[in-house]
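Listing of upload16.txt, compact mmCIF, C-alpha atoms
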# COMPACT_ATOMS: atom_id res chain seq x y z
CA MET A 1 80.86 145.20 110.17
CA LYS A 2 78.49 143.47 112.54
CA ILE A 3 76.05 142.78 109.76
CA LYS A 4 78.78 141.27 107.62
CA LEU A 5 79.85 138.98 110.46
CA HIS A 6 76.27 137.85 111.03
CA THR A 7 75.76 137.16 107.36
CA GLY A 8 78.92 135.10 107.34
CA LEU A 9 77.81 133.11 110.38
CA LEU A 10 74.37 132.54 108.89
CA ALA A 11 75.85 131.35 105.61
CA GLY A 12 78.16 129.00 107.51
CA ALA A 13 75.31 127.61 109.57
CA LEU A 14 73.16 127.06 106.49
CA LEU A 15 76.02 125.27 104.75
CA CYS A 16 76.52 123.03 107.77
CA ALA A 17 72.81 122.24 107.92
CA ALA A 18 72.72 121.45 104.21
CA THR A 19 75.73 119.15 104.47
CA LEU A 20 74.25 117.40 107.47
CA ALA A 21 70.91 116.92 105.73
CA GLN A 22 72.66 115.45 102.71
CA ALA A 23 74.69 113.07 104.84
CA GLN A 24 71.60 111.89 106.67
CA GLN A 25 69.76 111.33 103.43
CA ALA A 26 72.65 109.31 102.03
CA ALA A 27 72.79 106.92 104.98
CA PRO A 28 69.60 105.96 106.82
CA ALA A 29 70.30 105.38 110.51
CA GLY A 30 71.14 101.76 111.16
CA ASP A 31 70.35 99.82 114.32
CA PRO A 32 72.90 97.12 115.24
CA LYS A 33 70.28 95.34 117.36
CA GLU A 34 67.93 95.03 114.39
CA ALA A 35 70.77 93.40 112.43
CA HIS A 36 70.83 90.37 114.75
CA LYS A 37 67.81 88.98 112.90
CA LYS A 38 69.54 89.48 109.56
CA ILE A 39 73.14 88.31 109.99
CA ALA A 40 72.29 84.62 109.43
CA MET A 41 72.82 85.08 105.69
CA CYS A 42 76.25 86.69 106.26
CA GLU A 43 77.55 84.21 108.82
CA GLY A 44 77.79 81.27 106.40
CA CYS A 45 80.88 82.90 104.87
CA HIS A 46 81.88 85.94 106.93
CA GLY A 47 81.21 84.19 110.24
CA ILE A 48 83.68 81.37 109.79
CA PRO A 49 87.26 82.28 110.77
CA GLY A 50 89.58 82.07 107.79
CA TYR A 51 86.81 81.03 105.39
CA LYS A 52 87.86 81.05 101.74
CA THR A 53 85.88 81.28 98.54
CA ALA A 54 85.98 78.18 96.36
CA TYR A 55 85.45 79.28 92.77
CA PRO A 56 86.52 80.80 90.40
CA GLN A 57 89.17 82.44 92.60
CA VAL A 58 90.31 81.28 96.01
CA TYR A 59 90.78 83.98 98.65
CA HIS A 60 89.65 84.78 102.18
CA VAL A 61 86.29 86.51 102.43
CA PRO A 62 87.04 89.93 103.95
CA LYS A 63 86.91 90.73 107.65
CA LEU A 64 83.94 92.99 108.38
CA GLY A 65 84.16 93.61 112.14
CA GLY A 66 85.18 97.21 112.81
CA GLN A 67 85.05 98.19 109.14
CA GLN A 68 83.64 101.66 108.33
CA ALA A 69 79.82 101.67 108.13
CA THR A 70 79.68 103.85 105.03
CA TYR A 71 82.10 101.55 103.20
CA ILE A 72 80.04 98.45 104.05
CA SER A 73 76.83 100.22 103.07
CA ASN A 74 78.29 101.40 99.75
CA ALA A 75 79.57 97.88 99.03
CA LEU A 76 76.16 96.29 99.68
CA HIS A 77 74.36 98.89 97.54
CA ALA A 78 76.90 98.35 94.75
CA TYR A 79 76.35 94.56 94.88
CA LYS A 80 72.59 95.11 94.92
CA SER A 81 72.67 97.34 91.84
CA GLY A 82 75.07 94.99 90.05
CA GLN A 83 77.74 97.68 89.84
CA ARG A 84 80.02 95.46 91.93
CA GLN A 85 80.07 91.88 90.75
CA HIS A 86 80.09 88.74 92.82
CA PRO A 87 77.51 85.99 92.27
CA SER A 88 76.65 85.22 95.91
CA MET A 89 76.97 88.79 97.15
CA ARG A 90 74.75 89.97 94.29
CA GLY A 91 72.08 87.46 95.27
CA ILE A 92 72.20 88.30 98.95
CA ALA A 93 72.36 92.07 98.55
CA ALA A 94 69.45 92.03 96.11
CA SER A 95 67.23 90.72 98.93
CA LEU A 96 68.19 93.56 101.31
CA SER A 97 66.21 96.77 101.83
CA ASP A 98 67.94 100.10 102.45
CA LYS A 99 67.09 99.66 106.14
CA ASP A 100 68.58 96.13 106.18
CA ILE A 101 71.80 97.49 104.67
CA ALA A 102 71.94 100.32 107.23
CA ASP A 103 71.35 97.88 110.10
CA LEU A 104 74.01 95.42 108.90
CA SER A 105 76.53 98.22 108.32
CA ALA A 106 75.88 99.52 111.83
CA TYR A 107 76.21 96.01 113.27
CA TYR A 108 79.57 95.17 111.69
CA SER A 109 81.11 98.63 112.12
CA THR A 110 80.30 98.79 115.84
CA ALA A 111 80.99 95.14 116.64
CA ALA A 112 83.29 94.77 119.61
CA GLU A 113 86.50 92.89 119.07
CA ALA A 114 85.52 89.56 120.58
CA HIS A 115 86.96 87.41 117.81
CA LYS A 116 90.30 87.94 116.17
CA MET B 1 124.44 61.86 99.30
CA SER B 2 121.11 61.29 97.68
CA ARG B 3 119.43 62.65 100.80
CA LEU B 4 121.49 65.84 100.50
CA ARG B 5 120.53 66.16 96.86
CA THR B 6 116.87 65.80 97.76
CA LEU B 7 117.23 68.46 100.46
CA ILE B 8 118.80 70.90 98.06
CA ALA B 9 116.11 70.22 95.48
CA VAL B 10 113.31 70.76 98.02
CA ALA B 11 114.88 73.95 99.36
CA GLY B 12 115.33 75.26 95.82
CA LEU B 13 111.66 74.68 95.12
CA ALA B 14 110.33 76.02 98.41
CA LEU B 15 112.24 79.32 98.59
CA PRO B 16 110.89 81.08 95.51
CA LEU B 17 107.38 79.85 96.34
CA ALA B 18 107.53 81.33 99.82
CA ALA B 19 108.85 84.64 98.49
CA THR B 20 106.01 84.90 95.96
CA ALA B 21 103.26 84.15 98.45
CA ALA B 22 104.45 86.47 101.21
CA GLY B 23 105.20 89.68 99.31
CA ASN B 24 107.77 92.19 100.47
CA SER B 25 106.24 94.11 103.35
CA ALA B 26 108.95 96.80 103.46
CA ASN B 27 108.50 97.56 99.79
CA GLY B 28 104.73 97.59 100.32
CA LYS B 29 105.13 100.14 103.08
CA ALA B 30 107.16 102.42 100.78
CA ILE B 31 104.46 102.29 98.07
CA ALA B 32 101.68 102.71 100.66
CA GLU B 33 103.22 105.87 102.08
CA LYS B 34 103.36 107.40 98.61
CA ILE B 35 99.91 106.59 97.24
CA CYS B 36 97.61 104.96 99.83
CA ALA B 37 98.10 106.82 103.11
CA ALA B 38 96.51 110.09 101.95
CA CYS B 39 93.07 108.42 101.84
CA HIS B 40 93.37 105.20 103.90
CA GLY B 41 95.44 106.79 106.67
CA ALA B 42 98.83 105.84 108.03
CA ASP B 43 99.23 102.03 107.90
CA GLY B 44 95.72 101.84 106.36
CA ALA B 45 94.27 101.89 109.86
CA LYS B 46 92.55 105.28 109.99
CA PRO B 47 90.91 106.30 106.71
CA VAL B 48 90.33 110.04 106.26
CA ALA B 49 86.76 109.61 104.95
CA PRO B 50 83.95 107.23 105.98
CA GLU B 51 83.67 105.73 102.51
CA ASN B 52 87.30 104.57 102.47
CA PRO B 53 87.82 101.12 103.94
CA ILE B 54 90.23 100.19 106.71
CA LEU B 55 92.98 98.06 105.15
CA ALA B 56 95.16 97.32 108.17
CA GLY B 57 94.64 93.74 109.30
CA GLN B 58 92.56 92.73 106.28
CA TYR B 59 93.35 89.31 104.76
CA ASN B 60 96.39 89.38 102.47
CA ASP B 61 94.74 87.52 99.59
CA TYR B 62 91.57 89.64 99.74
CA ILE B 63 93.66 92.81 99.31
CA VAL B 64 95.42 91.17 96.35
CA LYS B 65 92.04 90.34 94.82
CA ALA B 66 90.61 93.84 95.40
CA LEU B 67 93.63 95.61 93.91
CA SER B 68 93.78 93.17 90.96
CA ASP B 69 90.08 93.75 90.25
CA TYR B 70 90.50 97.54 90.43
CA LYS B 71 93.46 97.26 88.05
CA SER B 72 91.58 95.11 85.53
CA GLY B 73 88.41 97.19 85.84
CA LYS B 74 86.36 94.20 87.04
CA ARG B 75 85.69 96.22 90.16
CA ALA B 76 84.74 99.60 88.73
CA ASN B 77 85.98 102.52 90.78
CA PRO B 78 87.48 105.49 88.93
CA VAL B 79 89.63 106.61 91.87
CA MET B 80 91.02 103.16 92.71
CA LYS B 81 91.49 102.32 89.02
CA GLY B 82 93.84 105.29 88.75
CA PHE B 83 95.95 104.06 91.65
CA ALA B 84 95.86 100.33 90.87
CA GLU B 85 96.52 100.51 87.14
CA PRO B 86 100.25 101.39 87.38
CA LEU B 87 100.88 98.71 90.03
CA SER B 88 102.65 95.52 88.99
CA LYS B 89 101.57 92.10 90.30
CA LYS B 90 104.54 92.26 92.66
CA ASP B 91 103.62 95.78 93.88
CA ILE B 92 100.14 94.45 94.70
CA GLU B 93 101.55 91.47 96.60
CA ASP B 94 103.93 93.77 98.50
CA LEU B 95 101.11 96.17 99.44
CA ALA B 96 98.95 93.25 100.60
CA ALA B 97 101.83 91.94 102.72
CA TRP B 98 102.22 95.36 104.34
CA PHE B 99 98.57 96.16 105.05
CA SER B 100 97.61 92.65 106.20
CA GLY B 101 100.36 92.81 108.83
CA GLN B 102 99.23 96.12 110.38
CA HIS B 103 96.93 96.54 113.35
CA SER B 104 93.55 98.26 113.39
CA VAL B 105 90.07 97.82 114.79
CA LEU B 106 89.29 95.52 111.85
CA HIS B 107 88.61 91.98 113.06
CA PHE B 108 86.85 88.76 112.28
CA GLN B 109 83.22 89.07 113.36
CA ARG B 110 80.66 86.32 113.61
Is it possible to express this structure as structure tokens?
Amino acid sequence: MKIKLHTGLLAGALLCAATLAQAQQAAPAGDPKEAHKKIAMCEGCHGIPGYKTAYPQVYHVPKLGGQQATYISNALHAYKSGQRQHPSMRGIAASLSDKDIADLSAYYSTAAEAHK
Amino acid sequence: MSRLRTLIAVAGLALPLAATAAGNSANGKAIAEKICAACHGADGAKPVAPENPILAGQYNDYIVKALSDYKSGKRANPVMKGFAEPLSKKDIEDLAAWFSGQHSVLHFQR
């Protein structure tokens, strides 16, 4: 009985560790402070309140402040690989390293609500 | 008389335009509760997984674009394609009206 319980606990702990390791591998830790040197290329569109794209479709560029880090990171990787298409985002994301993407995702997701 | 006629003509033109642009938020809420809330959370404000974006407070026209691109396949996402495909243009506008009017931590950030 005791042995069974211990085996169960061990299996659970191993599963947790494996899941954690996988999650960490998927998303390198981002540093919001590091992102300050990198946000210049984002600000031209995402840093202007109410900024709209011009061509071929007109719509507001999305709000990023407070958005989920993993979503932002996935979006940037998808632009970088070409899986998600947008001419300017493709160009910008292609210049970003995995660390850059992690830092920018951390920056936007943790940004305090100073601007509405 | 001619002023009245002009007024009526202007009102007749403006009303349908306004209705198209705004979308029906109440109808959007009804659709959202059925198909969006399970992943994006109630009101699109608290997604259940880190890879799902917050929708509450996002720009109306950006939500329209995202859903339209999922529907057409321009933005390739098997899960979102399944949800967006059955939506009409009006459903998309209604959903955008609903989510863009909700509150969340999402905000404009410099």
Next on the checklist: With all atoms listed in the file as the counted atoms, please give the residues lying no more than 8 Å from Gln102 of chain B, apart from itself and same-chain residues fewer than 5 positions off, as a list of chain:residue names.
Outcome noted: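 Those residues are B:Asp43, B:Gly44, B:Ala45, B:Ala56, B:Gly57.
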Next on the checklist: Quick check: residues of chain B within 9 Å of chain A, all atoms listed in the file, returned as a ChimeraX atom specification.
Outcome noted: /B:47,50-55,57-65,74-76,104-110
What does the file look like for those residues with C-alpha atoms, as a PDB file, in the coordinates of the input?
ATOM      1  CA  PRO B  47      90.910 106.300 106.710  1.00  0.00           C
ATOM      2  CA  PRO B  50      83.950 107.230 105.980  1.00  0.00           C
ATOM      3  CA  GLU B  51      83.670 105.730 102.510  1.00  0.00           C
ATOM      4  CA  ASN B  52      87.300 104.570 102.470  1.00  0.00           C
ATOM      5  CA  PRO B  53      87.820 101.120 103.940  1.00  0.00           C
ATOM      6  CA  ILE B  54      90.230 100.190 106.710  1.00  0.00           C
ATOM      7  CA  LEU B  55      92.980  98.060 105.150  1.00  0.00           C
ATOM      8  CA  GLY B  57      94.640  93.740 109.300  1.00  0.00           C
ATOM      9  CA  GLN B  58      92.560  92.730 106.280  1.00  0.00           C
ATOM     10  CA  TYR B  59      93.350  89.310 104.760  1.00  0.00           C
ATOM     11  CA  ASN B  60      96.390  89.380 102.470  1.00  0.00           C
ATOM     12  CA  ASP B  61      94.740  87.520  99.590  1.00  0.00           C
ATOM     13  CA  TYR B  62      91.570  89.640  99.740  1.00  0.00           C
ATOM     14  CA  ILE B  63      93.660  92.810  99.310  1.00  0.00           C
ATOM     15  CA  VAL B  64      95.420  91.170  96.350  1.00  0.00           C
ATOM     16  CA  LYS B  65      92.040  90.340  94.820  1.00  0.00           C
ATOM     17  CA  LYS B  74      86.360  94.200  87.040  1.00  0.00           C
ATOM     18  CA  ARG B  75      85.690  96.220  90.160  1.00  0.00           C
ATOM     19  CA  ALA B  76      84.740  99.600  88.730  1.00  0.00           C
ATOM     20  CA  SER B 104      93.550  98.260 113.390  1.00  0.00           C
ATOM     21  CA  VAL B 105      90.070  97.820 114.790  1.00  0.00           C
ATOM     22  CA  LEU B 106      89.290  95.520 111.850  1.00  0.00           C
ATOM     23  CA  HIS B 107      88.610  91.980 113.060  1.00  0.00           C
ATOM     24  CA  PHE B 108      86.850  88.760 112.280  1.00  0.00           C
ATOM     25  CA  GLN B 109      83.220  89.070 113.360  1.00  0.00           C
ATOM     26  CA  ARG B 110      80.660  86.320 113.610  1.00  0.00           C
TER      27      ARG B 110
END
Next on the checklist: With only C-alpha atoms as the counted atoms, please give the residues lying no more than 8 Å from Ala102 of chain A, apart from itself and same-chain residues fewer than 5 positions off, as a count of residues only.
Outcome noted: 6
Would you place a box with edges along x, y and z of the file around all atoms of segment 47-59 of chain A listed there, add 8 Å to each of its six sides, and report the centre and edge lengths in Å to one decimal, as AutoDock Vina command-line options?
--center_x 86.0 --center_y 81.2 --center_z 100.6 --size_x 25.6 --size_y 22.0 --size_z 36.4
Item to check | d(atom CA of Phe83 of chain B, atom CA of Gly101 of chain B) in Å | outcome: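 Computing the Euclidean distance for atom CA of Phe83 of chain B and atom CA of Gly101 of chain B yields 21.0 Å.
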Item to check | Residues near Ile92 of chain A, cut-off 9 Å, all atoms listed in the file, skip fewer than 5 positions along chain, as a PyMOL selection string | outcome: chain A and resi 41-42+76+79-80+87
Item to check | Surrounding residues of Leu95 of chain B excluding itself and chain neighbours under 4 positions, 7 Å, all atoms listed in the file, as an NGL selection string | outcome: :B and (25 or 28-29 or 32 or 91 or 99)
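Around the coordinate (73.1, 98.1, 114.1), residues that reach within 7 Å when counting only C-alpha atoms are Gly30, Asp31, Pro32, Lys33, Glu34, Ala35, Asp103, Leu104, Ser105, Ala106 and Tyr107 of chain A.
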